[in-house]
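S.K.: Quick one: the structure is below, and I'll ask about it shortly.
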Amino acid sequence: MKRLGHYLLALLALAPVVRASNYEPDFPQDGFLSKDMDHKMDPAIDYSHFVGRVTDKDDSGRIFKIKVENNNAKFFRAADVVYFRVQGFEKSDRCKSFVKNVEDYYFTVYVENLNPCWNEKEYFKRGTILQFESNVLSTRVYEAMKYREMLVNRKNDFLKQLNGINNFLWTFDQQKVKVAADYDQRIVEMQKARQKALDDLIQMKQEQMNVQTELMRKLNELDGSLKYYQIERQELMSDRWNMDHDAGLPVGHRPQELKVE
């Protein structure tokens, strides 16, 4: 047993040292491929070109559901024209498609004809990467940026109003004591004026609280709109290996024939 132990120790000493750092991926330090533009358009990026992956299709092979890594595709509308090429066949002609439906990180298109960019005799697999071109998307992104700027200005105006109202409400008790003290010095001759001033102040508080409630409701609505119209950053393509992985296995036909025992 001692000889066996010494033999194993000698083998471990001769084995090459493996460092974990050699197998770490070399990602950007910030984890992103583009700088933060505060959800605005980056002039260096062409928003009319983007990449998507076919996740599903109908039996006719003309309706495809596309997954995108950048959610700017949410600005598509039904009947928008989108051109695409199959990745790996960039020299082929473009295929024409029409947008049917839009979801977060997904959109559905109808393809008139696959012949320009694909050999219809071959099976069009799910998971195929498509390179899309859409000038209308670039226009929609620009319009969304301008509309969001308007929403931001409106929100800042509401916040300024709300800040003034909050300052008034937070110091209400101090103001009330001050007004009461001033009129207490002239109890006899200023009693009526003191009571009137307090009543006016209480009424103003109620009015300001009503305005405060309305402003907060509008701000909540604006926050929802701002979240929808924000322009996504160009994120790191974390799912690229799964999207490009092809095991080379045969693809079965669906539906399969019924097996009768």
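Identifiers for the structure tokens are assigned positionally: chains receive A, B, ... in sequence, residues are indexed from 1 per chain, and ligands are indexed from 1 in the order shown.
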Hey, what does DSSP flag as alpha helix (DSSP H) within range 21-256 of chain A? Can you give it to me as an NGL selection string?

M.R.: :A and (135-170 or 172-184 or 191-228 or 240-244)

S.K.: As a PyMOL selection string, which residues of range 48-149 of chain A does DSSP assign to strand (DSSP E)?

M.R.: chain A and resi 49-57+63-68+81-86+95-103+106-111+129-133

S.K.: With a distance cut-off of 8 Å and only C-alpha atoms, select the neighbouring residues of Arg94 in chain A, excluding the residue or stretch itself and same-chain residues fewer than 6 positions from it, and output the selection as an MDAnalysis selection string.

M.R.: chainID A and resid 83:85 116:117

S.K.: Could the residues in this selection be saved with N, CA, C and O atoms as a CSV table (one decimal), in the first residue's frame?

M.R.:
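The resulting file, out-v9.csv, is reproduced below:
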```
chain,number,residue,atom,x,y,z
A,83,TYR,N,-37.3,42.6,-44.9
A,83,TYR,CA,-36.5,41.8,-45.8
A,83,TYR,C,-35.5,41.0,-44.9
A,83,TYR,O,-35.1,41.5,-43.9
A,84,PHE,N,-35.2,39.8,-45.4
A,84,PHE,CA,-34.2,39.0,-44.7
A,84,PHE,C,-33.4,38.1,-45.6
A,84,PHE,O,-33.8,37.8,-46.7
A,85,ARG,N,-32.2,37.7,-45.1
A,85,ARG,CA,-31.4,36.7,-45.7
A,85,ARG,C,-31.1,35.6,-44.7
A,85,ARG,O,-31.0,35.9,-43.5
A,116,PRO,N,-36.0,33.2,-53.3
A,116,PRO,CA,-34.9,34.1,-53.5
A,116,PRO,C,-33.7,33.9,-52.5
A,116,PRO,O,-32.6,34.1,-52.9
A,117,CYS,N,-34.0,33.4,-51.3
A,117,CYS,CA,-32.9,33.3,-50.3
A,117,CYS,C,-32.8,31.9,-49.8
A,117,CYS,O,-31.9,31.7,-48.9
```
